[in-house]
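Asks: Handing you a structure now.
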Amino acid sequence: MIRLVIIGSGNVAQHLIQAFQKSLVQVVARHPEALHSLPISCPVVTSMSEIADAEVYVLAVSDHAIAALGHEIPGTGKLVVHTSGATGMHVLPKHHRSGVLYPLQTFTKGKPLDYNTIPFCLEADKKEDYLLLEQLARTVSSAIFSIDEQQRLALHLAAVFVCNFTNHLYQLGADLCAEHGVSFEVLKPLILETAAKVQTLTPTQAQTGPALRGDTATLERHQSMLTQPYPKEIYQLLTQSIIDHVQKL
């Protein structure tokens, strides 16, 4: 079994701690109270000076903390990886070996996940280090991808569109429901079916709605109902984007 140390205590760290329990020899967390609800079988320390010997050190921390914490890992030649989708390996210390273990998923504290389905996007400076990361990732997931820095950044950007932006659209939909006295629960079957369709269809094939149909009367009625500037502008931009996409086909 690969000896693993995870550094961090946030959402990503908490999920990786649960996923890699069998490989963990230590967790380094400056806020260990955040981990009290987790069934951790290895030691938890609060200082980088107490860090254990391991084959892989995973920095599951915020992007701005990666460089500083990486330099706090003692010794030389250790395999140090981060979990960021938007940060290159160049921020990691040069006196250690570098890599990336990027789990492409949205993580929420206390929300269980099926780790076996989570794509792990891997990158390393050396082939032998990549193979070690691949071996580690395969202990928890069957979805392993070799992704370079530019591809990872593109995936991260795409994830913002399909996850973060989509969730904000749920919020705007919920606000409209609340404004007109309708329960958001009514929309949940539609949300589930929309997500299910793109499992078997391309987004182009799955697209429906008044913009696709060229239903200008409905589009105008919708816009007349939107009184706040941001929702109205978003509606207009997305409508035009759908129309432009259809015209390209």
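How things are named: the first chain in the structure tokens is A, the next is B, and so on; residues count from 1 in each chain; ligands count from 1 in the order shown.
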Could you name the residues that touch range 88-96 of chain A at 9 Å or less, counting only C-alpha atoms, but leaving out those on the same chain fewer than 3 positions away, as a list in words?
Replies: Ile66, Ala67, Ala68, Leu69, Gly70, His71, Ile73, Gly75, Thr76, Gly77, Lys78, Leu79, Val80, Val81, His82, Ser84, Gly85, Gly99, Val100, Glu123, Ala124, Asp125, Glu149, Gln150 and Leu153 of chain A
Asks: Report as a PyMOL selection string all protein, DNA and RNA residues lying within 10 Å of Val45 in chain A, evaluated on only C-alpha atoms, omitting residues in the same chain fewer than 3 positions from it.
Replies: chain A and resi 7+26-32+42+48-52
Asks: Go ahead and save the picked residues with C-alpha atoms, as a JSON list (two decimals), in the first residue's frame.
Replies:
[["chain", "number", "residue", "atom", "x", "y", "z"],
["A", 7, "ILE", "CA", -2.40, 18.18, 4.19],
["A", 26, "GLN", "CA", -1.10, 10.91, 8.60],
["A", 27, "VAL", "CA", -3.24, 14.01, 8.18],
["A", 28, "VAL", "CA", -1.77, 17.48, 8.74],
["A", 29, "ALA", "CA", -4.52, 19.97, 9.62],
["A", 30, "ARG", "CA", -4.05, 23.38, 11.17],
["A", 31, "HIS", "CA", -7.76, 23.26, 12.03],
["A", 32, "PRO", "CA", -8.22, 19.66, 13.25],
["A", 42, "CYS", "CA", -4.37, 7.59, 11.31],
["A", 48, "MET", "CA", 4.22, 20.70, 9.31],
["A", 49, "SER", "CA", 7.26, 20.08, 11.55],
["A", 50, "GLU", "CA", 5.57, 16.85, 12.71],
["A", 51, "ILE", "CA", 5.01, 15.51, 9.21],
["A", 52, "ALA", "CA", 5.49, 11.77, 8.73]]
Asks: Write out as a list in words all residues of range 102-249 of chain A that backbone DSSP assigns to strand (DSSP E or B).
Replies: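 After running DSSP on the backbone, range 102-249 of chain A has strand (DSSP E or B) at Tyr102, Pro103, Phe120, Cys121, Leu122, Glu123, Ala124, Ile144, Phe145 and Ser146 of chain A.
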Asks: Point out the residue among A:Arg152, A:His64, A:Arg213, A:Arg221 with the least atom-to-atom distance to Pro119 in chain A, counting only C-alpha atoms.
Replies: A:Arg152
Asks: My list of candidates is A:Leu201, A:Ile147, A:Arg97, A:Lys111. Which is closest to Asp129 in chain A when distances are computed with only C-alpha atoms?
Replies: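 Distance minimum relative to Asp129 in chain A lands on A:Arg97.
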